[in-house]
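Data from upload-v9.cif: mmCIF, C-alpha atoms
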data_input
loop_
_atom_site.label_atom_id
_atom_site.label_comp_id
_atom_site.auth_asym_id
_atom_site.auth_seq_id
_atom_site.Cartn_x
_atom_site.Cartn_y
_atom_site.Cartn_z
CA MET E 1 69.48 -39.78 -1.94
CA LYS E 2 67.50 -40.11 -5.19
CA LYS E 3 67.26 -43.61 -6.61
CA ILE E 4 67.54 -43.98 -10.41
CA LEU E 5 66.96 -47.16 -12.39
CA VAL E 6 68.81 -47.51 -15.71
CA ILE E 7 67.37 -50.09 -18.11
CA GLU E 8 69.86 -50.60 -20.93
CA ASP E 9 70.84 -53.80 -22.75
CA GLU E 10 74.24 -52.52 -23.94
CA PRO E 11 76.66 -53.23 -21.03
CA ALA E 12 79.11 -50.42 -21.92
CA VAL E 13 76.39 -47.77 -22.20
CA ARG E 14 74.73 -48.96 -18.99
CA ALA E 15 78.04 -48.93 -17.09
CA ASN E 16 78.88 -45.40 -18.29
CA ILE E 17 75.50 -44.03 -17.20
CA LEU E 18 75.69 -45.73 -13.80
CA GLU E 19 79.18 -44.35 -13.22
CA LEU E 20 78.08 -40.85 -14.16
CA LEU E 21 75.04 -40.98 -11.86
CA GLU E 22 77.01 -42.35 -8.91
CA ALA E 23 79.52 -39.52 -9.35
CA GLU E 24 76.60 -37.12 -8.90
CA ASP E 25 75.57 -38.83 -5.63
CA PHE E 26 72.56 -40.67 -7.04
CA GLU E 27 71.79 -44.21 -5.97
CA ALA E 28 71.98 -45.84 -9.42
CA VAL E 29 70.91 -49.37 -10.27
CA GLY E 30 71.13 -51.07 -13.68
CA ALA E 31 68.92 -53.65 -15.38
CA GLU E 32 70.15 -55.51 -18.48
CA ASN E 33 66.77 -55.92 -20.19
CA GLY E 34 63.19 -54.65 -20.18
CA PHE E 35 61.73 -57.57 -18.25
CA MET E 36 64.22 -57.29 -15.37
CA GLY E 37 63.87 -53.50 -15.36
CA ALA E 38 60.07 -53.63 -15.08
CA MET E 39 60.26 -56.17 -12.26
CA TRP E 40 62.90 -54.16 -10.39
CA ALA E 41 60.88 -50.94 -10.77
CA GLN E 42 57.76 -52.48 -9.23
CA GLU E 43 59.69 -53.97 -6.33
CA TYR E 44 61.96 -51.04 -5.38
CA LEU E 45 60.04 -48.00 -6.73
CA PRO E 46 62.87 -45.77 -7.99
CA ASP E 47 62.53 -41.99 -8.11
CA LEU E 48 63.29 -41.92 -11.85
CA ILE E 49 63.75 -44.43 -14.68
CA ILE E 50 66.07 -44.10 -17.66
CA CYS E 51 65.21 -46.70 -20.29
CA ASP E 52 66.49 -47.64 -23.72
CA VAL E 53 63.80 -47.97 -26.39
CA MET E 54 65.23 -50.71 -28.64
CA MET E 55 65.75 -53.85 -26.56
CA PRO E 56 65.10 -57.51 -27.43
CA GLU E 57 61.99 -59.33 -26.17
CA VAL E 58 60.61 -56.49 -24.01
CA ASP E 59 61.34 -53.05 -25.46
CA GLY E 60 61.15 -49.66 -23.76
CA TYR E 61 57.60 -48.94 -24.93
CA GLU E 62 56.37 -52.18 -23.34
CA VAL E 63 58.20 -51.39 -20.10
CA LEU E 64 56.63 -47.93 -19.93
CA GLY E 65 53.17 -49.24 -20.83
CA ALA E 66 53.34 -51.89 -18.11
CA LEU E 67 54.56 -49.51 -15.42
CA ARG E 68 51.91 -46.90 -16.24
CA GLN E 69 49.23 -49.53 -15.54
CA VAL E 70 50.41 -50.04 -11.95
CA PRO E 71 49.36 -47.32 -9.45
CA GLU E 72 52.64 -47.55 -7.50
CA THR E 73 54.79 -46.93 -10.60
CA ALA E 74 52.40 -44.88 -12.76
CA ALA E 75 53.81 -41.50 -11.69
CA ILE E 76 57.55 -42.33 -11.73
CA PRO E 77 59.35 -39.94 -14.13
CA PHE E 78 60.47 -41.85 -17.22
CA ILE E 79 63.21 -40.82 -19.68
CA PHE E 80 63.73 -42.70 -22.94
CA LEU E 81 67.13 -43.31 -24.49
CA THR E 82 67.01 -43.83 -28.23
CA ALA E 83 69.16 -43.82 -31.33
CA MET E 84 66.05 -43.04 -33.37
CA VAL E 85 65.06 -39.46 -34.20
CA ASP E 86 61.81 -40.25 -35.98
CA LYS E 87 59.11 -37.89 -34.73
CA ALA E 88 56.47 -40.61 -34.91
CA ASP E 89 58.49 -42.79 -32.53
CA ILE E 90 58.97 -39.90 -30.12
CA ARG E 91 55.26 -39.09 -30.30
CA HIS E 92 54.43 -42.72 -29.58
CA GLY E 93 56.58 -42.69 -26.45
CA MET E 94 55.05 -39.43 -25.25
CA ASP E 95 51.56 -40.80 -25.80
CA LEU E 96 52.45 -43.75 -23.58
CA GLY E 97 53.46 -41.35 -20.81
CA ALA E 98 57.18 -40.73 -21.28
CA ASP E 99 58.45 -37.53 -19.66
CA ASP E 100 61.49 -36.91 -21.88
CA TYR E 101 63.71 -38.28 -24.67
CA LEU E 102 67.47 -38.35 -24.94
CA THR E 103 68.99 -39.20 -28.32
CA LYS E 104 72.16 -41.29 -28.40
CA PRO E 105 74.88 -40.23 -28.23
CA PHE E 106 74.17 -37.70 -25.48
CA THR E 107 76.49 -35.63 -23.33
CA ARG E 108 76.86 -35.68 -19.57
CA SER E 109 75.24 -32.23 -19.31
CA GLU E 110 72.28 -33.34 -21.44
CA LEU E 111 71.65 -36.36 -19.24
CA LEU E 112 71.97 -34.44 -15.98
CA GLY E 113 69.87 -31.60 -17.40
CA ALA E 114 67.07 -34.00 -18.28
CA ILE E 115 67.21 -35.60 -14.83
CA THR E 116 67.22 -32.24 -13.04
CA SER E 117 64.29 -31.03 -15.14
CA ARG E 118 62.24 -34.13 -14.26
CA PHE E 119 62.94 -33.80 -10.54
CA ASN E 120 62.13 -30.07 -10.58
CA LYS E 121 58.80 -30.68 -12.29
CA GLN E 122 58.06 -33.49 -9.88
CA ALA E 123 58.79 -31.14 -6.96
CA VAL E 124 56.33 -28.59 -8.37
CA VAL E 125 53.65 -31.27 -8.70
CA MET E 126 54.28 -32.47 -5.15
CA GLN E 127 54.06 -28.90 -3.87
CA GLN E 128 50.77 -28.44 -5.66
CA PHE E 129 49.55 -31.72 -4.20
CA GLN E 130 50.59 -30.60 -0.72
CA THR E 131 48.84 -27.25 -1.19
CA GLU E 132 45.64 -28.93 -2.34
CA ARG E 133 45.80 -31.39 0.53
CA GLU E 134 46.23 -28.57 3.06
CA ARG E 135 43.35 -26.72 1.41
CA ALA E 136 41.17 -29.83 1.63
CA GLU E 137 42.12 -30.33 5.29
CA SER E 138 41.31 -26.67 6.02
CA LEU E 139 37.94 -27.03 4.31
CA GLN E 140 37.24 -30.21 6.24
CA LYS E 141 38.08 -28.40 9.49
CA LYS E 142 35.71 -25.55 8.62
CA VAL E 143 32.92 -28.01 7.80
CA LEU E 144 33.47 -29.73 11.15
CA GLU E 145 33.41 -26.38 12.97
CA LEU E 146 30.21 -25.46 11.15
CA GLN E 147 28.63 -28.78 12.10
CA GLN E 148 29.62 -28.21 15.72
CA SER E 149 28.25 -24.66 15.56
CA VAL E 150 24.96 -25.90 14.11
CA SER E 151 24.79 -28.53 16.84
CA SER E 152 25.47 -25.87 19.48
CA GLN E 153 22.80 -23.59 18.01
CA GLY E 154 20.36 -26.49 18.05
CA GLU E 155 21.05 -27.00 21.76
CA ILE E 156 20.48 -23.29 22.39
CA LEU E 157 17.17 -23.38 20.53
CA GLN E 158 16.11 -26.45 22.49
CA GLN E 159 16.99 -24.63 25.71
CA LEU E 160 14.95 -21.62 24.61
CA GLN E 161 11.97 -23.79 23.70
CA GLN E 162 12.12 -25.53 27.08
CA GLU E 163 12.37 -22.20 28.91
CA MET E 164 9.39 -20.86 26.98
CA ARG E 165 7.37 -24.00 27.68
CA ASN E 166 8.07 -23.58 31.39
CA THR E 167 7.57 -19.82 31.60
CA VAL E 168 4.71 -18.90 29.25
CA PRO E 169 2.07 -21.03 31.05
CA LYS E 170 3.04 -19.39 34.34
CA ILE E 171 2.64 -15.90 32.89
CA THR E 172 -0.64 -16.78 31.18
CA MET E 173 -2.08 -18.31 34.35
CA ALA E 174 -0.96 -15.40 36.51
CA ILE E 175 -2.53 -12.85 34.13
CA GLY E 176 -5.78 -14.85 34.18
CA PHE E 177 -5.85 -14.85 37.96
CA LEU E 178 -5.14 -11.12 38.18
CA LYS E 179 -8.29 -10.38 36.21
CA SER E 180 -10.50 -11.98 38.86
CA ILE E 181 -8.62 -11.71 42.14
CA GLN E 182 -9.20 -8.82 44.51
CA PRO E 183 -6.20 -6.91 45.87
CA GLY E 184 -4.54 -8.84 48.64
CA GLY E 185 -2.24 -11.78 49.32
CA GLN E 186 -3.20 -13.94 46.35
CA ARG E 187 -3.00 -11.01 43.93
CA ASP E 188 0.42 -10.10 45.31
CA ARG E 189 1.53 -13.71 44.81
CA CYS E 190 0.41 -13.62 41.16
CA ILE E 191 2.34 -10.40 40.63
CA GLN E 192 5.39 -12.02 42.23
CA ILE E 193 5.11 -14.99 39.82
CA LEU E 194 4.89 -12.57 36.88
CA GLN E 195 7.95 -10.66 38.09
CA GLN E 196 9.97 -13.84 38.53
CA SER E 197 8.95 -15.15 35.11
CA CYS E 198 9.74 -11.85 33.42
CA GLN E 199 13.15 -11.69 35.12
CA SER E 200 13.81 -15.24 33.89
CA GLU E 201 12.90 -14.25 30.33
CA ILE E 202 15.00 -11.08 30.53
CA ALA E 203 18.00 -13.15 31.70
CA LEU E 204 17.41 -15.51 28.81
CA LEU E 205 17.20 -12.65 26.31
CA ASN E 206 20.55 -11.30 27.54
CA GLN E 207 22.42 -14.49 26.68
CA PRO E 208 24.83 -13.61 23.81
CA ASN E 209 24.25 -16.94 22.11
CA LEU E 210 20.51 -16.35 22.01
CA GLN E 211 20.83 -12.82 20.65
CA LYS E 212 22.49 -14.25 17.53
CA PHE E 213 19.04 -15.52 16.49
CA LEU E 214 17.33 -12.12 16.87
CA THR E 215 16.95 -9.67 14.01
CA PRO E 216 18.52 -6.18 14.26
CA GLU E 217 15.00 -4.72 14.56
CA ASP E 218 14.22 -7.04 17.48
CA LEU E 219 17.43 -6.05 19.25
CA ILE E 220 16.69 -2.33 18.83
CA LEU E 221 13.16 -2.73 20.22
CA LEU E 222 14.31 -4.82 23.18
CA ARG E 223 17.01 -2.27 24.03
CA GLN E 224 14.49 0.58 23.84
CA LEU E 225 12.30 -1.29 26.32
CA ASN E 226 15.38 -1.91 28.52
CA LEU E 227 14.78 -5.65 28.26
CA ILE E 228 18.33 -6.42 27.15
CA ASN E 229 21.62 -4.77 27.98
CA PRO E 230 23.00 -2.19 25.53
CA THR E 231 25.91 -3.20 23.33
CA PRO E 232 29.39 -2.21 24.59
CA HIS E 233 29.51 0.59 22.00
CA SER E 234 25.94 1.81 22.49
CA PRO E 235 25.42 4.95 24.66
CA THR E 236 23.70 4.30 27.96
CA HIS E 237 20.95 6.52 29.38
CA SER E 238 21.79 8.47 32.50
#
Final structure tokens representation of the file:
Amino acid sequence: MKKILVIEDEPAVRANILELLEAEDFEAVGAENGFMGAMWAQEYLPDLIICDVMMPEVDGYEVLGALRQVPETAAIPFIFLTAMVDKADIRHGMDLGADDYLTKPFTRSELLGAITSRFNKQAVVMQQFQTERERAESLQKKVLELQQSVSSQGEILQQLQQEMRNTVPKITMAIGFLKSIQPGGQRDRCIQILQQSCQSEIALLNQPNLQKFLTPEDLILLRQLNLINPTPHSPTHS
């Protein structure tokens, strides 16, 4: 149920508005002057405020100005009631942040129309806010996924670097020995080390996560040399 605060110093006018609003299933509360209305608004945070302009001590402009300075009440829709039709006065109220004006005397349909219009516009703003919030949450999720992906790629690169540090010295040493060793047991052992190291590198090259870091040209060359498996859609040689 929407809560509406009516700030009006004329008892008869205030009572009529409250009765009309209650008949439309609004939770309506009245305040007899600007000071009490401003205090009530800050304490109970109504969904909409209807406020007379000309009131003693604290007028409607002062009420609106005070409420617009408080974050909790700054966005509450605010409708002025006034017997004045001077454009300068209306402009002044709009500049302070009023959402609408109703000129006394007003009809039931005019009052309800103004209230409905304010709530509809507020619903549009809230929908836009919700959309932007969901968009921001989606963007935040994508940034987090990207950070996780970058972290995962960093781990893969570290793994590759470690594998290369372990394997390359073995291959280099084995090649050096092959140049000076006569055929026989030691030479066969060097060849075995080379084969094992190459198989380890080939297994590493066939990891899908690692292939993401290779260029298309590198992938084509490695497939031509049968060092990596063909893609699922690539034709295989018989």
- Query: In Å to one decimal, how far is atom CA of E:Met126 from atom CA of E:Ala28?
  - Reply: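 Result for atom CA of E:Ala28 versus atom CA of E:Met126: 22.6 Å, one decimal.
What separates atom CA of E:Leu81 from atom CA of E:Gly65 is a distance of 15.6 Å.
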Write out as a CSV table (one decimal) with C-alpha atoms, in the frame of the given file which residues come within 9 Å of E:Asp47 when counting all atoms listed in the file, dropping same-chain ones fewer than 6 positions away.
chain,number,residue,atom,x,y,z
E,2,LYS,CA,67.5,-40.1,-5.2
E,3,LYS,CA,67.3,-43.6,-6.6
E,4,ILE,CA,67.5,-44.0,-10.4
E,5,LEU,CA,67.0,-47.2,-12.4
E,76,ILE,CA,57.6,-42.3,-11.7
E,77,PRO,CA,59.4,-39.9,-14.1
E,119,PHE,CA,62.9,-33.8,-10.5
- Task: Please identify all polymer residues within 10 Å of E:Ile115, counting all atoms listed in the file, omitting same-chain residues fewer than 3 positions from it, and present them as an NGL selection string.
- Result: :E and (4 or 21 or 48-50 or 77-79 or 100 or 109-112 or 118-120)
- Message: So, with only C-alpha atoms as the atoms that count, which of E:Leu18, E:Met1, E:Val13, E:Ala66 lies closest to E:Met39?
- Response: E:Ala66
- Query: Applied to the shown file, which residues does the PyMOL selection byres ((chain E and resi 63) around 10) return, written as an NGL selection string?
  - Reply: :E and (7 or 33-39 or 41 or 51-53 or 58-62 or 64-68)
